[in-house]
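Asker: One structure follows; several queries about it will come next.
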Amino acid sequence: MSGAARLRAAIAAAVILAIGMGFGRFAFTAIYPHMVEEGVLSLREGSLAASANYAGYLLGAILAMRARARSAHRLCLWSAAGTALCLGVLALPMPVWLIVAVRGGAGVFSALAMVAASLWLLEQRRHGRGAPLLYAGVGVGIAVSAELLVLASQLGWHSAGMWLLLAGVAALAGLAAAPAIAVSGEASLDEMEKPAVSALASVAPWPLVLIYGLAGLGYIVTATYLPVLVGAALPGLNSAHVWAVFGLGAAPSCFLWHRLHERLGTRQALRLNLLLQALGVALPVLAPSAAGYLLSAILVGGTFVGTVTIAMPAAQRAAVKAGTSMMAIMTVVYGVGQIIGPMLAGSLYAQSHSFNSSLLAAAGALLLAIIVSLRL
């Protein structure tokens, strides 16, 4: 591929992640407080919808274990279309159980987007250097969807209108990316790049899997409840702006962590990443102020996709040693961690009526991941 073709491929793959992850998964975090305020969902029902989304993500990751690089372009298109459909359906009046079910379906498409976009760019297109731009799509999707929700809120729209707006933008973005994804998918293997030889040492696959699962548990409490925390503690501050900061921290951080990964190696880069992430998760407890919440959003946003940027290419290299689909397995264990996190948070909140213990437990999971990294 030429330089321009490589850039187009990375941007198209990033758009798939922006739709599937930024819009399909994480927009709910910013719209959740509006739905609670309108009486569409209670706090408990919203947590149930979030858990269903994480369960759907796990299911999608399990299904994606059968995916192969040759068909990844089709999975990318299906994930984008399915996500836009789920977002649009949520604009309709429906009972709570159906909202929960649709959020579960959106989770399936999110996992397919993560695995398919990674397979398509890193294996089918053999464009490993596009990884930071690919995973920056998650942060861009979070930031763009959050600011769209701020705009809709300022216009006085209810949550139904917000969901419809997100669905429309997701559909347009998917249509824009589709030609590059579809045309590239038709290319023969002979036309593709030879796989680049990485200078990074391969790591032990199963400790990497465990670290990734703990990372999924570690960030998810902040990623699920940060706007709710901000809304309760600082009612004068639009919590969606804080969520946009979370996304804006994630997007450029992929390039930083990619560079640190190349310079420090997988082990050292992961340890630094997880340490900063643990600090960010614990900050609302250590410094419950506007500055503390904003710094938490920057630190967690600036590290959680960085974990993906380090770990997924490392998993691709480790797959040679493991002889299995490591990227799909990594997505599965990340999904397991994301299910355990909200369940733990809900249980601890019921006892203390505070998210402090949940945040500290999540930070502890990230510190445990650092200890496991000694086995890499």
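Please note that chains go A, B, ... in the order of the structure tokens, that every chain numbers its residues from 1, and that ligands are numbered from 1 in the order shown.
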Determine, counting only C-alpha atoms, which protein, DNA and RNA residues have an atom within 9 Å of an atom of Arg70 of chain A; residues of the same chain fewer than 4 positions away are not included. Present the result as a PyMOL selection string.
Answerer: chain A and resi 74+119-120+123-124+185
Asker: Nearest residue to Gly302 of chain A out of A:Gly280, A:Gly137, A:Gly56, A:Pro207, using only C-alpha atoms?
Answerer: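 Answer, going by the shortest atom-to-atom distance: A:Gly280.
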Asker: Taking the DSSP secondary structure from the backbone, can you list the residues of segment 37-205 of chain A that are helix (DSSP H, G or I), as a PyMOL selection string?
Answerer: chain A and resi 37+43-64+69-89+96-124+128-154+159-185+189-191+205
Asker: Quick one: residues within 10 Å of Cys76 of chain A, only C-alpha atoms, excluding same-chain residues fewer than 6 positions away - as JSON, numbers by chain?
Answerer: {"A": [12, 13, 15, 16, 17, 20, 109, 112, 113, 114, 115, 116, 117, 118, 119, 120, 174, 177, 178, 181, 182]}
Asker: Please produce a file of those selected residues containing all heavy atoms, as a CSV table (one decimal), in the first residue's frame.
Answerer:
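As a result, again.csv now contains:
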```csv
chain,number,residue,atom,x,y,z
A,12,ALA,N,-10.3,4.7,8.2
A,12,ALA,CA,-11.5,4.0,8.0
A,12,ALA,C,-11.7,3.0,9.2
A,12,ALA,O,-12.8,2.9,9.8
A,12,ALA,CB,-11.5,3.2,6.7
A,13,ALA,N,-10.7,2.3,9.6
A,13,ALA,CA,-10.8,1.4,10.8
A,13,ALA,C,-11.1,2.2,12.0
A,13,ALA,O,-11.8,1.7,12.9
A,13,ALA,CB,-9.5,0.6,10.9
A,15,VAL,N,-12.8,4.9,12.3
A,15,VAL,CA,-14.2,5.3,12.2
A,15,VAL,C,-15.1,4.2,12.7
A,15,VAL,O,-16.0,4.4,13.4
A,15,VAL,CB,-14.6,5.8,10.8
A,15,VAL,CG1,-16.1,5.9,10.7
A,15,VAL,CG2,-13.9,7.1,10.5
A,16,ILE,N,-14.7,2.9,12.3
A,16,ILE,CA,-15.5,1.8,12.8
A,16,ILE,C,-15.4,1.7,14.3
A,16,ILE,O,-16.5,1.4,14.9
A,16,ILE,CB,-14.9,0.5,12.1
A,16,ILE,CG1,-15.1,0.5,10.6
A,16,ILE,CG2,-15.6,-0.8,12.7
A,16,ILE,CD1,-16.5,0.6,10.1
A,17,LEU,N,-14.3,1.9,14.9
A,17,LEU,CA,-14.2,1.9,16.4
A,17,LEU,C,-14.9,3.1,17.0
A,17,LEU,O,-15.5,2.9,18.1
A,17,LEU,CB,-12.7,1.9,16.8
A,17,LEU,CG,-12.0,0.5,16.7
A,17,LEU,CD1,-10.7,0.6,17.5
A,17,LEU,CD2,-12.8,-0.6,17.4
A,20,GLY,N,-18.6,1.9,16.8
A,20,GLY,CA,-18.9,0.7,17.6
A,20,GLY,C,-18.6,0.9,19.1
A,20,GLY,O,-19.4,0.5,20.0
A,109,PHE,N,-22.3,-5.8,19.0
A,109,PHE,CA,-21.7,-5.1,17.9
A,109,PHE,C,-20.5,-4.3,18.2
A,109,PHE,O,-19.6,-4.2,17.4
A,109,PHE,CB,-22.8,-4.1,17.3
A,109,PHE,CG,-23.9,-4.8,16.5
A,109,PHE,CD1,-25.2,-4.7,17.0
A,109,PHE,CD2,-23.6,-5.6,15.4
A,109,PHE,CE1,-26.2,-5.4,16.3
A,109,PHE,CE2,-24.6,-6.3,14.8
A,109,PHE,CZ,-25.9,-6.2,15.2
A,112,LEU,N,-17.7,-6.9,18.2
A,112,LEU,CA,-17.4,-7.2,16.8
A,112,LEU,C,-16.6,-6.1,16.2
A,112,LEU,O,-15.6,-6.4,15.4
A,112,LEU,CB,-18.7,-7.4,16.0
A,112,LEU,CG,-19.5,-8.7,16.4
A,112,LEU,CD1,-20.7,-8.8,15.6
A,112,LEU,CD2,-18.6,-10.0,16.2
A,113,ALA,N,-16.9,-4.8,16.5
A,113,ALA,CA,-16.1,-3.7,15.9
A,113,ALA,C,-14.7,-3.7,16.4
A,113,ALA,O,-13.8,-3.5,15.6
A,113,ALA,CB,-16.8,-2.4,16.3
A,114,MET,N,-14.5,-4.0,17.7
A,114,MET,CA,-13.1,-4.0,18.2
A,114,MET,C,-12.3,-5.1,17.6
A,114,MET,O,-11.2,-4.9,17.1
A,114,MET,CB,-13.2,-4.2,19.8
A,114,MET,CG,-11.8,-4.4,20.4
A,114,MET,SD,-10.6,-3.0,20.1
A,114,MET,CE,-11.3,-1.8,21.3
A,115,VAL,N,-12.8,-6.3,17.5
A,115,VAL,CA,-12.1,-7.4,17.0
A,115,VAL,C,-11.9,-7.3,15.4
A,115,VAL,O,-10.8,-7.5,14.9
A,115,VAL,CB,-12.7,-8.8,17.3
A,115,VAL,CG1,-12.0,-9.9,16.6
A,115,VAL,CG2,-12.8,-9.0,18.8
A,116,ALA,N,-13.0,-6.9,14.8
A,116,ALA,CA,-13.0,-6.9,13.3
A,116,ALA,C,-12.1,-5.8,12.8
A,116,ALA,O,-11.3,-6.0,11.9
A,116,ALA,CB,-14.4,-6.6,12.8
A,117,ALA,N,-12.1,-4.6,13.4
A,117,ALA,CA,-11.3,-3.5,13.0
A,117,ALA,C,-9.8,-3.8,13.2
A,117,ALA,O,-8.9,-3.5,12.4
A,117,ALA,CB,-11.7,-2.2,13.7
A,118,SER,N,-9.5,-4.4,14.4
A,118,SER,CA,-8.1,-4.8,14.7
A,118,SER,C,-7.6,-5.9,13.7
A,118,SER,O,-6.5,-5.8,13.2
A,118,SER,CB,-8.0,-5.4,16.1
A,118,SER,OG,-8.4,-4.4,17.1
A,119,LEU,N,-8.5,-6.9,13.4
A,119,LEU,CA,-8.1,-7.9,12.5
A,119,LEU,C,-7.9,-7.3,11.1
A,119,LEU,O,-6.9,-7.7,10.4
A,119,LEU,CB,-9.2,-9.0,12.4
A,119,LEU,CG,-9.1,-10.1,13.5
A,119,LEU,CD1,-10.4,-11.0,13.3
A,119,LEU,CD2,-7.9,-10.9,13.4
A,120,TRP,N,-8.8,-6.5,10.7
A,120,TRP,CA,-8.8,-5.9,9.3
A,120,TRP,C,-7.5,-5.1,9.1
A,120,TRP,O,-6.8,-5.3,8.1
A,120,TRP,CB,-10.0,-5.1,9.1
A,120,TRP,CG,-10.0,-4.5,7.7
A,120,TRP,CD1,-10.4,-5.2,6.5
A,120,TRP,CD2,-9.7,-3.2,7.3
A,120,TRP,NE1,-10.2,-4.3,5.5
A,120,TRP,CE2,-9.9,-3.1,5.9
A,120,TRP,CE3,-9.3,-2.0,8.0
A,120,TRP,CZ2,-9.6,-1.9,5.2
A,120,TRP,CZ3,-9.1,-0.9,7.3
A,120,TRP,CH2,-9.2,-0.8,5.9
A,174,GLY,N,-20.5,5.7,9.2
A,174,GLY,CA,-20.3,4.4,8.6
A,174,GLY,C,-20.4,4.4,7.1
A,174,GLY,O,-19.6,3.7,6.4
A,177,ALA,N,-17.0,5.6,5.8
A,177,ALA,CA,-15.9,4.6,5.9
A,177,ALA,C,-16.1,3.4,5.0
A,177,ALA,O,-15.1,2.7,4.7
A,177,ALA,CB,-15.8,4.2,7.4
A,178,ALA,N,-17.3,3.1,4.7
A,178,ALA,CA,-17.6,1.8,4.0
A,178,ALA,C,-16.9,1.6,2.7
A,178,ALA,O,-16.3,0.5,2.5
A,178,ALA,CB,-19.1,1.7,3.7
A,181,ILE,N,-13.3,0.4,3.5
A,181,ILE,CA,-13.3,-0.9,4.1
A,181,ILE,C,-13.6,-2.0,3.0
A,181,ILE,O,-13.0,-3.0,2.9
A,181,ILE,CB,-14.3,-1.0,5.2
A,181,ILE,CG1,-13.9,0.0,6.3
A,181,ILE,CG2,-14.4,-2.4,5.8
A,181,ILE,CD1,-12.8,-0.4,7.2
A,182,ALA,N,-14.7,-1.7,2.2
A,182,ALA,CA,-15.2,-2.8,1.3
A,182,ALA,C,-14.2,-3.0,0.1
A,182,ALA,O,-13.9,-4.1,-0.2
A,182,ALA,CB,-16.5,-2.3,0.7
```
Asker: For Ala315 of chain A, which residue among A:Trp206, A:Phe28, A:Tyr135, A:Phe255 is the nearest when counting only C-alpha atoms?
Answerer: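 Closest candidate: A:Trp206.
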Asker: For His261 of chain A, which of A:Ile310, A:Ala350, A:Val203, A:Leu210 is the closest residue, counting only C-alpha atoms?
Answerer: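 Nearest to His261 of chain A: A:Ile310.
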Asker: Would you list the contacts of Ala223 of chain A as a list in words, taking every protein, DNA or RNA residue within 8 Å and counting only C-alpha atoms, but skipping same-chain residues closer than 3 positions in sequence?
Answerer: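 Counting only the stated atoms, we get Phe26, Thr29, Tyr219, Ile220 and Leu226 of chain A.
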Asker: Just checking: using only C-alpha atoms, which residue out of A:Val285, A:Leu155, A:Ala363, A:Val308 ends up closest to Ser253 of chain A?
Answerer: A:Val308
Asker: Need the shell around Leu283 of chain A: protein/DNA/RNA residues with any atom at most 10 Å away, counting only C-alpha atoms. Skip same-chain ones fewer than 6 positions apart. Format as a list in words?
Answerer: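 The residues that qualify are Gln277, Ser289, Ala291, Gly292, Tyr293, Leu294, Leu295, Ser296, Ala297, Leu299, Val300, Asn356, Leu359, Leu360 and Ala363 of chain A.
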Asker: Those selected residues, please, written with N, CA, C and O atoms and delivered as an mmCIF file, in the first residue's frame.
Answerer:
```cif
data_model
loop_
_atom_site.group_PDB
_atom_site.id
_atom_site.type_symbol
_atom_site.label_atom_id
_atom_site.label_comp_id
_atom_site.auth_asym_id
_atom_site.auth_seq_id
_atom_site.Cartn_x
_atom_site.Cartn_y
_atom_site.Cartn_z
ATOM 1 N N GLN A 277 -3.123 4.868 35.388
ATOM 2 C CA GLN A 277 -4.552 4.585 35.330
ATOM 3 C C GLN A 277 -5.116 4.357 36.727
ATOM 4 O O GLN A 277 -6.206 4.843 37.064
ATOM 5 N N SER A 289 -13.098 16.983 44.068
ATOM 6 C CA SER A 289 -13.318 18.374 43.664
ATOM 7 C C SER A 289 -13.411 18.423 42.151
ATOM 8 O O SER A 289 -13.170 17.424 41.466
ATOM 9 N N ALA A 291 -11.409 19.881 40.106
ATOM 10 C CA ALA A 291 -10.073 19.594 39.571
ATOM 11 C C ALA A 291 -9.772 18.102 39.635
ATOM 12 O O ALA A 291 -9.208 17.525 38.700
ATOM 13 N N GLY A 292 -10.174 17.461 40.750
ATOM 14 C CA GLY A 292 -9.933 16.028 40.906
ATOM 15 C C GLY A 292 -10.682 15.204 39.877
ATOM 16 O O GLY A 292 -10.126 14.268 39.294
ATOM 17 N N TYR A 293 -11.956 15.569 39.630
ATOM 18 C CA TYR A 293 -12.741 14.833 38.639
ATOM 19 C C TYR A 293 -12.181 15.032 37.233
ATOM 20 O O TYR A 293 -12.116 14.088 36.436
ATOM 21 N N LEU A 294 -11.805 16.258 36.913
ATOM 22 C CA LEU A 294 -11.244 16.536 35.585
ATOM 23 C C LEU A 294 -9.925 15.801 35.378
ATOM 24 O O LEU A 294 -9.683 15.223 34.315
ATOM 25 N N LEU A 295 -9.069 15.817 36.422
ATOM 26 C CA LEU A 295 -7.787 15.123 36.303
ATOM 27 C C LEU A 295 -8.001 13.608 36.205
ATOM 28 O O LEU A 295 -7.284 12.918 35.466
ATOM 29 N N SER A 296 -9.008 13.105 36.915
ATOM 30 C CA SER A 296 -9.349 11.686 36.811
ATOM 31 C C SER A 296 -9.768 11.350 35.382
ATOM 32 O O SER A 296 -9.331 10.335 34.808
ATOM 33 N N ALA A 297 -10.614 12.209 34.788
ATOM 34 C CA ALA A 297 -11.061 11.982 33.408
ATOM 35 C C ALA A 297 -9.884 11.983 32.444
ATOM 36 O O ALA A 297 -9.807 11.153 31.528
ATOM 37 N N LEU A 299 -6.619 11.369 33.189
ATOM 38 C CA LEU A 299 -5.709 10.248 33.441
ATOM 39 C C LEU A 299 -6.295 8.908 32.986
ATOM 40 O O LEU A 299 -5.617 8.118 32.319
ATOM 41 N N VAL A 300 -7.556 8.656 33.340
ATOM 42 C CA VAL A 300 -8.161 7.379 32.942
ATOM 43 C C VAL A 300 -8.416 7.368 31.435
ATOM 44 O O VAL A 300 -8.136 6.381 30.745
ATOM 45 N N ASN A 356 -16.927 5.329 46.492
ATOM 46 C CA ASN A 356 -15.515 5.400 46.896
ATOM 47 C C ASN A 356 -14.872 4.026 46.994
ATOM 48 O O ASN A 356 -13.766 3.802 46.489
ATOM 49 N N LEU A 359 -14.290 2.522 43.551
ATOM 50 C CA LEU A 359 -13.155 3.118 42.843
ATOM 51 C C LEU A 359 -11.833 2.603 43.402
ATOM 52 O O LEU A 359 -10.890 2.323 42.646
ATOM 53 N N LEU A 360 -11.752 2.480 44.714
ATOM 54 C CA LEU A 360 -10.517 1.974 45.319
ATOM 55 C C LEU A 360 -10.289 0.507 44.955
ATOM 56 O O LEU A 360 -9.149 0.081 44.715
ATOM 57 N N ALA A 363 -9.011 0.493 41.416
ATOM 58 C CA ALA A 363 -7.598 0.890 41.403
ATOM 59 C C ALA A 363 -6.722 -0.275 41.875
ATOM 60 O O ALA A 363 -5.627 -0.507 41.352
#
```
Asker: From the options A:Ile99, A:Ala111, A:Leu122, A:Ala9, which residue's atoms come nearest to Met35 of chain A, counting only C-alpha atoms?
Answerer: A:Ile99
Asker: Taking 4 positions as the minimum chain separation for residues in the same chain, which residues sit within 8 Å of Gly46 of chain A when counting only C-alpha atoms? Answer as a list in words.
Answerer: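 Everything that qualifies: Tyr32, Val36, Leu41, Ser42 and Ala50 of chain A.
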Asker: So which one's closest to Leu248 of chain A, A:Leu7, A:Ala233, A:Gly364, A:Val140? Using only C-alpha atoms, please.
Answerer: A:Val140
